[in-house]
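Data from target-v8.cif: mmCIF, C-alpha atoms
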data_query
#
loop_
_atom_site.group_PDB
_atom_site.id
_atom_site.type_symbol
_atom_site.label_atom_id
_atom_site.label_comp_id
_atom_site.auth_asym_id
_atom_site.auth_seq_id
_atom_site.Cartn_x
_atom_site.Cartn_y
_atom_site.Cartn_z
ATOM 1 C CA MET A 1 20.925 13.076 -7.340
ATOM 2 C CA THR A 2 21.656 16.056 -5.085
ATOM 3 C CA LEU A 3 18.052 17.256 -5.363
ATOM 4 C CA SER A 4 16.799 13.781 -4.479
ATOM 5 C CA LEU A 5 18.981 13.529 -1.382
ATOM 6 C CA ILE A 6 17.894 16.983 -0.225
ATOM 7 C CA ALA A 7 14.238 16.088 -0.816
ATOM 8 C CA ALA A 8 14.547 12.856 1.162
ATOM 9 C CA ALA A 9 16.316 14.621 4.043
ATOM 10 C CA VAL A 10 13.879 17.553 4.196
ATOM 11 C CA SER A 11 10.848 15.273 4.038
ATOM 12 C CA PHE A 12 12.312 13.013 6.738
ATOM 13 C CA VAL A 13 12.832 15.914 9.153
ATOM 14 C CA LEU A 14 9.452 17.504 8.423
ATOM 15 C CA THR A 15 7.563 14.223 8.804
ATOM 16 C CA LEU A 16 9.388 13.436 12.025
ATOM 17 C CA LEU A 17 8.482 16.855 13.442
ATOM 18 C CA ILE A 18 4.873 16.670 12.288
ATOM 19 C CA GLY A 19 4.570 13.270 13.919
ATOM 20 C CA ARG A 20 5.671 14.670 17.286
ATOM 21 C CA PHE A 21 2.662 17.002 17.268
ATOM 22 C CA LEU A 22 0.174 14.882 15.305
ATOM 23 C CA ILE A 23 0.174 11.714 17.417
ATOM 24 C CA PRO A 24 -0.802 13.469 20.694
ATOM 25 C CA GLU A 25 -3.553 15.343 18.833
ATOM 26 C CA LEU A 26 -4.935 12.117 17.379
ATOM 27 C CA ARG A 27 -5.001 10.665 20.888
ATOM 28 C CA LYS A 28 -6.910 13.706 22.138
ATOM 29 C CA LEU A 29 -9.425 13.264 19.322
ATOM 30 C CA LYS A 30 -9.723 9.580 20.302
ATOM 31 C CA ALA A 31 -8.935 8.615 16.719
ATOM 32 C CA GLY A 32 -8.165 5.052 17.739
ATOM 33 C CA GLN A 33 -8.070 2.077 15.383
ATOM 34 C CA GLU A 34 -10.834 -0.510 15.650
ATOM 35 C CA ILE A 35 -9.449 -4.045 15.301
ATOM 36 C CA ARG A 36 -11.042 -6.764 13.133
ATOM 37 C CA GLU A 37 -13.000 -9.260 15.209
ATOM 38 C CA ASP A 38 -11.727 -12.165 13.069
ATOM 39 C CA GLY A 39 -8.097 -11.036 13.149
ATOM 40 C CA PRO A 40 -5.224 -12.596 15.139
ATOM 41 C CA THR A 41 -6.126 -12.506 18.829
ATOM 42 C CA TRP A 42 -2.928 -10.701 19.809
ATOM 43 C CA HIS A 43 -3.948 -7.749 17.633
ATOM 44 C CA LYS A 44 -6.610 -6.913 20.221
ATOM 45 C CA SER A 45 -3.920 -5.142 22.231
ATOM 46 C CA LYS A 46 -3.551 -2.649 19.361
ATOM 47 C CA ALA A 47 -7.102 -1.373 19.762
ATOM 48 C CA GLY A 48 -7.119 2.347 20.400
ATOM 49 C CA THR A 49 -3.742 3.026 18.754
ATOM 50 C CA PRO A 50 -4.134 6.345 16.895
ATOM 51 C CA THR A 51 -4.904 5.970 13.193
ATOM 52 C CA MET A 52 -4.796 8.459 10.272
ATOM 53 C CA GLY A 53 -1.063 8.854 10.943
ATOM 54 C CA GLY A 54 -0.465 8.890 7.193
ATOM 55 C CA ILE A 55 -1.227 12.598 7.447
ATOM 56 C CA MET A 56 2.329 13.155 8.678
ATOM 57 C CA PHE A 57 4.116 11.859 5.558
ATOM 58 C CA ILE A 58 1.439 13.306 3.273
ATOM 59 C CA LEU A 59 2.177 16.756 4.698
ATOM 60 C CA GLY A 60 5.929 16.206 4.996
ATOM 61 C CA ALA A 61 6.313 15.055 1.398
ATOM 62 C CA GLY A 62 3.832 17.663 0.136
ATOM 63 C CA VAL A 63 5.653 20.624 1.662
ATOM 64 C CA THR A 64 8.972 19.259 0.391
ATOM 65 C CA VAL A 65 7.702 18.775 -3.153
ATOM 66 C CA PHE A 66 6.147 22.236 -3.222
ATOM 67 C CA ILE A 67 9.213 24.070 -1.876
ATOM 68 C CA LEU A 68 11.925 22.209 -3.797
ATOM 69 C CA GLY A 69 9.811 22.067 -6.940
ATOM 70 C CA TRP A 70 8.974 25.776 -6.901
ATOM 71 C CA SER A 71 11.649 26.758 -9.422
ATOM 72 C CA PHE A 72 10.433 24.043 -11.797
ATOM 73 C CA MET A 73 6.849 25.254 -11.476
ATOM 74 C CA LEU A 74 7.956 28.791 -12.389
ATOM 75 C CA GLU A 75 9.277 27.257 -15.609
ATOM 76 C CA GLY A 76 5.938 25.566 -16.260
ATOM 77 C CA VAL A 77 6.921 22.072 -15.105
ATOM 78 C CA PHE A 78 4.220 20.592 -12.853
ATOM 79 C CA TRP A 79 4.886 16.849 -13.180
ATOM 80 C CA HIS A 80 5.740 16.348 -9.516
ATOM 81 C CA LEU A 81 2.726 18.369 -8.383
ATOM 82 C CA TYR A 82 0.293 16.368 -10.529
ATOM 83 C CA VAL A 83 1.493 13.086 -9.029
ATOM 84 C CA TYR A 84 1.254 14.437 -5.490
ATOM 85 C CA LEU A 85 -2.238 15.853 -6.012
ATOM 86 C CA PHE A 86 -3.419 12.597 -7.571
ATOM 87 C CA ALA A 87 -2.163 10.610 -4.579
ATOM 88 C CA LEU A 88 -3.726 13.237 -2.303
ATOM 89 C CA ILE A 89 -7.171 12.596 -3.800
ATOM 90 C CA PHE A 90 -6.869 8.944 -2.787
ATOM 91 C CA GLY A 91 -5.600 10.062 0.609
ATOM 92 C CA LEU A 92 -8.744 12.161 1.023
ATOM 93 C CA ILE A 93 -10.914 9.172 0.129
ATOM 94 C CA GLY A 94 -9.052 7.242 2.803
ATOM 95 C CA PHE A 95 -9.474 10.089 5.281
ATOM 96 C CA VAL A 96 -13.252 10.051 4.823
ATOM 97 C CA ASP A 97 -13.183 6.287 5.331
ATOM 98 C CA ASP A 98 -11.040 6.584 8.483
ATOM 99 C CA TYR A 99 -13.166 9.402 9.870
ATOM 100 C CA ARG A 100 -16.343 7.353 9.504
ATOM 101 C CA LYS A 101 -14.681 4.388 11.216
ATOM 102 C CA VAL A 102 -13.499 6.542 14.119
ATOM 103 C CA ARG A 103 -16.838 8.295 14.466
ATOM 104 C CA GLN A 104 -18.857 5.067 14.335
ATOM 105 C CA HIS A 105 -16.296 3.064 16.377
ATOM 106 C CA GLN A 106 -16.232 0.101 14.032
ATOM 107 C CA ASN A 107 -13.849 -1.349 11.443
ATOM 108 C CA GLU A 108 -16.040 -0.436 8.453
ATOM 109 C CA GLY A 109 -16.136 2.991 6.784
ATOM 110 C CA LEU A 110 -17.115 3.639 3.173
ATOM 111 C CA THR A 111 -18.721 0.730 1.343
ATOM 112 C CA ALA A 112 -16.693 -1.156 -1.267
ATOM 113 C CA ARG A 113 -18.932 0.294 -3.985
ATOM 114 C CA GLN A 114 -18.418 3.865 -2.788
ATOM 115 C CA LYS A 115 -14.643 3.408 -2.673
ATOM 116 C CA PHE A 116 -14.541 1.841 -6.118
ATOM 117 C CA ILE A 117 -16.559 4.618 -7.773
ATOM 118 C CA LEU A 118 -14.506 7.380 -6.146
ATOM 119 C CA GLN A 119 -11.202 5.690 -6.960
ATOM 120 C CA LEU A 120 -12.176 4.952 -10.562
ATOM 121 C CA ALA A 121 -13.296 8.550 -11.119
ATOM 122 C CA ALA A 122 -10.018 9.869 -9.689
ATOM 123 C CA ALA A 123 -8.002 7.514 -11.913
ATOM 124 C CA VAL A 124 -9.817 8.554 -15.095
ATOM 125 C CA VAL A 125 -9.446 12.275 -14.343
ATOM 126 C CA PHE A 126 -5.717 11.847 -13.665
ATOM 127 C CA LEU A 127 -5.109 9.851 -16.832
ATOM 128 C CA VAL A 128 -7.004 12.328 -19.011
ATOM 129 C CA LEU A 129 -5.095 15.230 -17.445
ATOM 130 C CA MET A 130 -1.728 13.553 -17.993
ATOM 131 C CA ARG A 131 -2.697 12.780 -21.570
ATOM 132 C CA TYR A 132 -3.720 16.410 -22.124
ATOM 133 C CA GLU A 133 -0.407 17.622 -20.698
ATOM 134 C CA GLY A 134 1.512 15.276 -22.990
ATOM 135 C CA LEU A 135 2.941 13.323 -20.060
ATOM 136 C CA LEU A 136 1.215 10.042 -20.865
ATOM 137 C CA THR A 137 1.264 8.011 -24.065
ATOM 138 C CA ASN A 138 -0.857 5.041 -25.037
ATOM 139 C CA ASP A 139 2.240 2.936 -25.700
ATOM 140 C CA LEU A 140 2.538 -0.138 -23.507
ATOM 141 C CA TYR A 141 6.199 -0.722 -22.681
ATOM 142 C CA ILE A 142 7.293 -4.330 -22.125
ATOM 143 C CA PRO A 143 10.170 -4.623 -19.635
ATOM 144 C CA PHE A 144 13.063 -6.965 -20.503
ATOM 145 C CA LEU A 145 11.997 -7.066 -24.157
ATOM 146 C CA ASN A 146 12.471 -3.298 -24.392
ATOM 147 C CA ILE A 147 9.661 -2.913 -26.918
ATOM 148 C CA SER A 148 6.420 -0.919 -26.918
ATOM 149 C CA PHE A 149 2.988 -1.554 -28.409
ATOM 150 C CA THR A 150 0.670 1.299 -29.310
ATOM 151 C CA ILE A 151 -2.836 0.638 -27.997
ATOM 152 C CA ASN A 152 -6.084 2.393 -28.830
ATOM 153 C CA TRP A 153 -6.374 5.325 -26.388
ATOM 154 C CA ILE A 154 -9.805 4.343 -25.040
ATOM 155 C CA VAL A 155 -8.663 0.757 -24.483
ATOM 156 C CA TYR A 156 -5.516 2.025 -22.773
ATOM 157 C CA LEU A 157 -7.578 4.369 -20.597
ATOM 158 C CA ILE A 158 -9.773 1.505 -19.405
ATOM 159 C CA PHE A 159 -6.735 -0.709 -18.785
ATOM 160 C CA ALA A 160 -4.860 2.051 -16.933
ATOM 161 C CA ALA A 161 -7.832 3.032 -14.758
ATOM 162 C CA PHE A 162 -8.356 -0.502 -13.518
ATOM 163 C CA VAL A 163 -4.630 -1.037 -12.963
ATOM 164 C CA ILE A 164 -4.554 2.110 -10.810
ATOM 165 C CA VAL A 165 -7.581 1.102 -8.754
ATOM 166 C CA GLY A 166 -6.161 -2.403 -8.350
ATOM 167 C CA CYS A 167 -2.783 -1.070 -7.263
ATOM 168 C CA VAL A 168 -4.311 1.334 -4.750
ATOM 169 C CA ASN A 169 -6.340 -1.405 -3.090
ATOM 170 C CA ALA A 170 -3.423 -3.856 -3.157
ATOM 171 C CA VAL A 171 -1.286 -1.393 -1.182
ATOM 172 C CA ASN A 172 -4.223 -0.901 1.176
ATOM 173 C CA LEU A 173 -4.376 -4.673 1.798
ATOM 174 C CA THR A 174 -0.661 -4.718 2.614
ATOM 175 C CA ASP A 175 -1.205 -2.294 5.484
ATOM 176 C CA GLY A 176 -2.115 -4.920 8.051
ATOM 177 C CA ILE A 177 0.750 -5.104 10.545
ATOM 178 C CA ASP A 178 3.141 -2.623 12.109
ATOM 179 C CA GLY A 179 5.535 -1.082 9.612
ATOM 180 C CA LEU A 180 4.719 -3.374 6.683
ATOM 181 C CA ALA A 181 3.187 -1.029 4.100
ATOM 182 C CA ALA A 182 5.632 1.745 5.055
ATOM 183 C CA SER A 183 8.754 -0.403 4.684
ATOM 184 C CA VAL A 184 7.688 -2.133 1.455
ATOM 185 C CA THR A 185 6.633 1.138 -0.155
ATOM 186 C CA PHE A 186 9.860 2.827 0.995
ATOM 187 C CA VAL A 187 11.759 0.337 -1.180
ATOM 188 C CA VAL A 188 9.395 1.002 -4.106
ATOM 189 C CA MET A 189 9.904 4.765 -3.747
ATOM 190 C CA ALA A 190 13.680 4.263 -3.680
ATOM 191 C CA PHE A 191 13.368 2.404 -6.995
ATOM 192 C CA PHE A 192 11.403 5.230 -8.607
ATOM 193 C CA THR A 193 13.883 7.759 -7.216
ATOM 194 C CA VAL A 194 16.741 5.949 -8.959
ATOM 195 C CA ALA A 195 14.651 5.724 -12.140
ATOM 196 C CA GLY A 196 13.895 9.445 -11.912
ATOM 197 C CA VAL A 197 17.563 10.370 -11.481
ATOM 198 C CA LEU A 198 18.524 8.295 -14.518
ATOM 199 C CA TRP A 199 15.504 9.322 -16.581
ATOM 200 C CA SER A 200 15.462 13.107 -16.392
ATOM 201 C CA THR A 201 18.207 15.629 -16.956
ATOM 202 C CA TYR A 202 17.448 17.757 -13.894
ATOM 203 C CA GLY A 203 16.110 15.050 -11.606
ATOM 204 C CA ILE A 204 12.609 16.510 -11.403
ATOM 205 C CA GLN A 205 11.061 13.071 -11.844
ATOM 206 C CA ALA A 206 12.961 11.867 -8.781
ATOM 207 C CA LEU A 207 11.703 14.685 -6.549
ATOM 208 C CA PHE A 208 8.368 13.198 -5.479
ATOM 209 C CA PRO A 209 9.500 9.584 -4.874
ATOM 210 C CA ALA A 210 12.572 10.844 -2.997
ATOM 211 C CA ALA A 211 10.386 13.002 -0.756
ATOM 212 C CA MET A 212 8.098 10.030 -0.179
ATOM 213 C CA ALA A 213 11.046 7.776 0.696
ATOM 214 C CA GLY A 214 12.191 10.292 3.301
ATOM 215 C CA GLY A 215 8.674 10.695 4.680
ATOM 216 C CA LEU A 216 8.146 6.942 4.966
ATOM 217 C CA ALA A 217 11.488 6.479 6.716
ATOM 218 C CA ALA A 218 10.390 9.032 9.315
ATOM 219 C CA PHE A 219 6.937 7.475 9.629
ATOM 220 C CA PHE A 220 8.546 4.088 10.272
ATOM 221 C CA VAL A 221 10.130 5.566 13.404
ATOM 222 C CA TYR A 222 6.609 5.823 14.840
ATOM 223 C CA ASN A 223 5.066 2.853 13.032
ATOM 224 C CA HIS A 224 7.534 0.001 13.634
ATOM 225 C CA HIS A 225 6.466 -2.701 16.077
ATOM 226 C CA PRO A 226 4.986 -1.908 18.531
ATOM 227 C CA ALA A 227 3.400 0.911 16.543
ATOM 228 C CA LYS A 228 2.682 4.233 18.206
ATOM 229 C CA VAL A 229 0.437 5.188 15.276
ATOM 230 C CA PHE A 230 -1.129 3.575 12.200
ATOM 231 C CA MET A 231 -1.243 5.225 8.775
ATOM 232 C CA GLY A 232 -4.908 4.276 8.291
ATOM 233 C CA ASP A 233 -6.635 4.275 4.926
ATOM 234 C CA THR A 234 -5.609 7.938 4.761
ATOM 235 C CA GLY A 235 -2.005 6.838 4.369
ATOM 236 C CA SER A 236 -2.357 3.511 2.566
ATOM 237 C CA LEU A 237 -4.661 4.808 -0.180
ATOM 238 C CA PHE A 238 -2.350 7.799 -0.632
ATOM 239 C CA LEU A 239 0.602 5.424 -1.016
ATOM 240 C CA GLY A 240 -1.311 3.278 -3.488
ATOM 241 C CA GLY A 241 -2.150 6.335 -5.559
ATOM 242 C CA ALA A 242 1.472 7.456 -5.458
ATOM 243 C CA VAL A 243 2.855 4.080 -6.584
ATOM 244 C CA ALA A 244 0.318 3.745 -9.416
ATOM 245 C CA ALA A 245 0.783 7.323 -10.617
ATOM 246 C CA LEU A 246 4.564 6.962 -10.735
ATOM 247 C CA ALA A 247 4.330 3.803 -12.833
ATOM 248 C CA PHE A 248 2.166 5.552 -15.423
ATOM 249 C CA VAL A 249 4.031 8.839 -15.436
ATOM 250 C CA PHE A 250 7.230 6.915 -16.089
ATOM 251 C CA ASP A 251 5.210 5.305 -18.888
ATOM 252 C CA MET A 252 5.925 1.745 -17.755
ATOM 253 C CA PRO A 253 2.910 0.382 -15.840
ATOM 254 C CA LEU A 254 4.002 -3.243 -16.267
ATOM 255 C CA VAL A 255 6.966 -2.516 -13.997
ATOM 256 C CA LEU A 256 4.420 -2.753 -11.186
ATOM 257 C CA ILE A 257 4.567 -6.553 -11.530
ATOM 258 C CA PRO A 258 8.135 -6.995 -10.198
ATOM 259 C CA VAL A 259 8.202 -3.787 -8.149
ATOM 260 C CA GLY A 260 4.850 -4.462 -6.508
ATOM 261 C CA ILE A 261 5.273 -8.214 -6.126
ATOM 262 C CA ILE A 262 4.307 -8.090 -2.437
ATOM 263 C CA TYR A 263 1.177 -6.059 -3.199
ATOM 264 C CA ILE A 264 0.250 -8.638 -5.848
ATOM 265 C CA LEU A 265 0.836 -11.633 -3.552
ATOM 266 C CA GLU A 266 -1.266 -10.022 -0.817
ATOM 267 C CA THR A 267 -4.119 -9.417 -3.246
ATOM 268 C CA LEU A 268 -3.915 -12.887 -4.801
ATOM 269 C CA SER A 269 -4.032 -14.491 -1.363
ATOM 270 C CA ASP A 270 -7.236 -12.594 -0.626
ATOM 271 C CA ILE A 271 -8.790 -13.582 -3.975
ATOM 272 C CA ILE A 272 -7.790 -17.247 -3.526
ATOM 273 C CA GLN A 273 -9.181 -17.296 0.010
ATOM 274 C CA VAL A 274 -12.554 -15.903 -1.033
ATOM 275 C CA GLY A 275 -12.801 -18.101 -4.142
ATOM 276 C CA TYR A 276 -11.799 -21.271 -2.314
ATOM 277 C CA PHE A 277 -14.209 -20.495 0.535
ATOM 278 C CA LYS A 278 -17.102 -20.203 -1.910
ATOM 279 C CA LEU A 279 -16.151 -23.249 -4.001
ATOM 280 C CA THR A 280 -15.722 -25.513 -0.972
ATOM 281 C CA HIS A 281 -18.690 -24.072 0.935
ATOM 282 C CA GLY A 282 -16.778 -22.842 3.945
ATOM 283 C CA LYS A 283 -13.247 -24.274 3.819
ATOM 284 C CA ARG A 284 -10.205 -21.966 3.911
ATOM 285 C CA PHE A 285 -7.105 -22.186 1.729
ATOM 286 C CA PHE A 286 -5.055 -19.959 4.060
ATOM 287 C CA LYS A 287 -5.300 -19.774 7.831
ATOM 288 C CA MET A 288 -6.284 -16.167 7.253
ATOM 289 C CA ALA A 289 -6.021 -13.684 4.387
ATOM 290 C CA PRO A 290 -4.256 -11.626 3.275
ATOM 291 C CA LEU A 291 -0.903 -13.418 3.205
ATOM 292 C CA HIS A 292 0.754 -11.557 6.077
ATOM 293 C CA HIS A 293 -1.951 -12.743 8.478
ATOM 294 C CA HIS A 294 -1.517 -16.352 7.297
ATOM 295 C CA LEU A 295 2.214 -16.116 8.019
ATOM 296 C CA GLU A 296 1.520 -14.495 11.391
ATOM 297 C CA LEU A 297 -0.728 -17.406 12.361
ATOM 298 C CA SER A 298 2.032 -19.737 11.129
ATOM 299 C CA GLY A 299 4.401 -18.297 13.708
ATOM 300 C CA TRP A 300 6.130 -15.420 11.921
ATOM 301 C CA SER A 301 6.757 -12.334 14.044
ATOM 302 C CA GLU A 302 5.790 -8.896 12.729
ATOM 303 C CA ALA A 303 9.463 -7.899 12.604
ATOM 304 C CA LYS A 304 10.313 -10.958 10.500
ATOM 305 C CA LEU A 305 7.422 -10.277 8.140
ATOM 306 C CA VAL A 306 8.518 -6.681 7.616
ATOM 307 C CA ALA A 307 12.133 -7.715 6.964
ATOM 308 C CA VAL A 308 11.305 -10.566 4.566
ATOM 309 C CA PHE A 309 8.646 -8.664 2.624
ATOM 310 C CA SER A 310 10.978 -5.674 2.270
ATOM 311 C CA LEU A 311 13.800 -7.898 1.006
ATOM 312 C CA VAL A 312 11.463 -9.571 -1.493
ATOM 313 C CA THR A 313 10.426 -6.100 -2.690
ATOM 314 C CA LEU A 314 14.084 -5.099 -2.972
ATOM 315 C CA ALA A 315 14.738 -8.180 -5.112
ATOM 316 C CA GLY A 316 11.718 -7.307 -7.267
ATOM 317 C CA CYS A 317 12.960 -3.740 -7.703
ATOM 318 C CA ALA A 318 16.450 -4.965 -8.649
ATOM 319 C CA LEU A 319 14.862 -7.261 -11.237
ATOM 320 C CA ALA A 320 12.726 -4.384 -12.508
ATOM 321 C CA TYR A 321 15.805 -2.183 -12.847
ATOM 322 C CA LEU A 322 17.458 -4.809 -15.033
ATOM 323 C CA GLY A 323 14.260 -5.123 -17.044
ATOM 324 C CA VAL A 324 13.931 -1.406 -17.862
ATOM 325 C CA GLN A 325 17.582 -0.473 -18.376
ATOM 326 C CA GLY A 326 16.937 -0.181 -22.095
ATOM 327 C CA ARG A 327 14.377 2.492 -21.270
ATOM 328 C CA PHE A 328 16.993 4.886 -19.855
#
Before we go any further, please render this structure as C-alpha cells.
Amino acid sequence: MTLSLIAAAVSFVLTLLIGRFLIPELRKLKAGQEIREDGPTWHKSKAGTPTMGGIMFILGAGVTVFILGWSFMLEGVFWHLYVYLFALIFGLIGFVDDYRKVRQHQNEGLTARQKFILQLAAAVVFLVLMRYEGLLTNDLYIPFLNISFTINWIVYLIFAAFVIVGCVNAVNLTDGIDGLAASVTFVVMAFFTVAGVLWSTYGIQALFPAAMAGGLAAFFVYNHHPAKVFMGDTGSLFLGGAVAALAFVFDMPLVLIPVGIIYILETLSDIIQVGYFKLTHGKRFFKMAPLHHHLELSGWSEAKLVAVFSLVTLAGCALAYLGVQGRF
C-alpha cells in the first residue's frame, strides 16, 4: 500500500509539472483539436484547444514506474514494465493518428483498417510475450462464481486479442467531452490498484495502476471543463491499452464487464445507432452517438456527465470487487 501511495503521489506531481511545460509547447506547434462537423454546436468553441495532452500522464506514469520499479527489475521482475510498454505501443498508434489530424487540419487520421491491424498486431505480440513469461494462463476466470475454465490456447489468444482491441476502442469512444475518459479511467485504475495491493505480496502489481491513477488525477486539473488540453488519441488509446492489459495480467478479463461498464455502454450506443440507421434507412435511435453526446443533446452538462459516469464506474468497480474476492 505504501508503494502504491508513493507511486500515485510521484506520478501526480510529475504529470502536473510536465503539463505546465507541455501545454504551451503544444500551442506553439498549433496542435489544436479539429471538432466534428456533426457534433454538438457548442463544441465548436473548443476548436484549437491543444490535443495530444495524454503525453503528460504517459511520461509521468512511465518515469514513476521505471524509478520505483527499478529494484524489482534488478530482481528480474518486469511485470509493471511490460504493461506500460504495451500501453505505450497503443499510445504511439494514437500519436501517429493525432499527428496526421493536426498536420492535415481535419478530424480524421489513420483509417479504421490501419488502426485495427496495428492494434491487433500489438495485442497478439503482448499476449504471446506474457504467455512466454508465464504471466498469462489460458484459464478463463468467472467472477462471482469463482471458477475457471481452461480453454485451448489458440482459441484463448483469438478471444483475448479481440477483447483487447475492443476495450482500447471503447475507451477511445469515451473520450468525447472534457474530463470524461480521465475521470472514468481514474476510478478503474483505483480498482486495479486495490486488486494489486491485495493480490501480490510486495505490491508490485499495484505499481502501474497507482501511477496511472496519480497521473490521471493531475491530467484532470488541465482537462476538466473547460479543458485547457485534450488527451487526444495519444492518451485515450494508451489508456485503453492499459485497462485491457491489466485485466489480462490479473488473469480476469471478464472483470472488464462491470469495471468497464461505461466503456461498454458507449460502444453499444454507437453500434445501435449505426445498426438502426441502416435498418431504418436514415432514422436515428439516439439523438447522437456515442451515449455521452445523446445525453448532452438531452440537456446534461459536461460536469454532470463526468460525475454520473464516474459514479456508475465506481459502482461497477465495487460490484467487481465483490465478484472477485474469492480470487484474492
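Atom CA of A:Ser310 lies 6.2 Å from atom CA of A:Ser183.
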Exercise for the section: Give as a PyMOL selection string each residue that has an atom at most 10 Å from (4.1, 14.3, -18.2) in the file, counting only C-alpha atoms. Expected result: chain A and resi 77-80+82-83+129-137+205+248-251
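Using only C-alpha atoms for every distance, the candidate list A:Val10, A:Ile142, A:Ala289, A:Ala181 yields A:Val10 as the residue closest to A:Gly60.
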Practice task
Go through the shown structure with the PyMOL selection byres ((chain A and resi 14-24) around 12) and write out the matching residues as a PyMOL selection string.
Solution key: chain A and resi 7-13+25-32+49-65+211-223+227-231
For stretch 244-257 of chain A, what centre and edge lengths in Å (one decimal) does the axis-aligned box get once 3 Å is added on each side of all its listed atoms, as AutoDock Vina command-line options?
--center_x 3.8 --center_y 1.1 --center_z -14.2 --size_x 12.9 --size_y 21.4 --size_z 15.5
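Each of A:Ile257, A:Met1, A:Thr267, A:Leu81 was checked against A:Gly316 using only C-alpha atoms; the smallest atom-to-atom distance is that of A:Ile257.
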Practice task
Would you kindly translate the PyMOL selection byres ((chain A and resi 164) around 8) into the concrete residues it picks from this file, as an MDAnalysis selection string?
Solution key: chainID A and resid 123 160:163 165:168 241 244:245
Handout entry: Selection result for the PyMOL selection byres ((chain A and resi 209) around 7) on this file, as a PyMOL selection string
Key = chain A and resi 189-190+192-193+206-208+210-213
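Between atom CA of A:Ile154 and atom CA of A:Ser236 the interatomic distance comes to 28.6 Å.
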Handout entry: Two-atom distance - atom CA of A:Ser148, atom CA of A:Pro258 (Å)
Key = 17.9 Å
Completion exercise
Nearest to A:Trp199, restricted to only C-alpha atoms and choosing among A:Val128, A:Val324, A:Ile262, A:Thr185, comes out as A:Val324
Handout entry: Radius query 9 Å about (-4.6, 11.9, -4.3), atoms used: only C-alpha atoms, as a ChimeraX atom specification
Key = /A:83-93,122,237-239,241-242
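Residue nearest A:Phe309, chosen from A:Leu246, A:Ile204, A:Ile151, A:Val259 and counting all atoms listed in the file: A:Val259.
With all atoms listed in the file as the atoms that count, the residue of A:Thr111, A:Asn146, A:Ser269, A:Asn172 with the shortest distance to A:Asp97 is A:Thr111.
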Block slice stretch 297-319 of chain A, C-alpha atoms, emitted as an mmCIF file, in the first residue's frame:
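Contents of selection.cif, as written:
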data_model
loop_
_atom_site.group_PDB
_atom_site.id
_atom_site.type_symbol
_atom_site.label_atom_id
_atom_site.label_comp_id
_atom_site.auth_asym_id
_atom_site.auth_seq_id
_atom_site.Cartn_x
_atom_site.Cartn_y
_atom_site.Cartn_z
ATOM 1 C CA LEU A 297 -28.206 16.975 -26.503
ATOM 2 C CA SER A 298 -30.806 15.949 -23.905
ATOM 3 C CA GLY A 299 -29.661 18.763 -21.645
ATOM 4 C CA TRP A 300 -26.966 17.205 -19.462
ATOM 5 C CA SER A 301 -23.991 19.443 -18.710
ATOM 6 C CA GLU A 302 -20.453 18.122 -19.180
ATOM 7 C CA ALA A 303 -19.856 18.354 -15.427
ATOM 8 C CA LYS A 304 -22.963 16.269 -14.715
ATOM 9 C CA LEU A 305 -21.946 13.671 -17.286
ATOM 10 C CA VAL A 306 -18.484 13.328 -15.770
ATOM 11 C CA ALA A 307 -19.893 12.985 -12.241
ATOM 12 C CA VAL A 308 -22.609 10.459 -13.141
ATOM 13 C CA PHE A 309 -20.408 8.326 -15.391
ATOM 14 C CA SER A 310 -17.683 8.251 -12.731
ATOM 15 C CA LEU A 311 -20.183 7.201 -10.057
ATOM 16 C CA VAL A 312 -21.563 4.463 -12.316
ATOM 17 C CA THR A 313 -17.987 3.253 -12.864
ATOM 18 C CA LEU A 314 -17.383 3.327 -9.109
ATOM 19 C CA ALA A 315 -20.490 1.189 -8.591
ATOM 20 C CA GLY A 316 -19.271 -1.213 -11.288
ATOM 21 C CA CYS A 317 -15.853 -1.455 -9.639
ATOM 22 C CA ALA A 318 -17.436 -2.107 -6.226
ATOM 23 C CA LEU A 319 -19.516 -4.878 -7.802
#
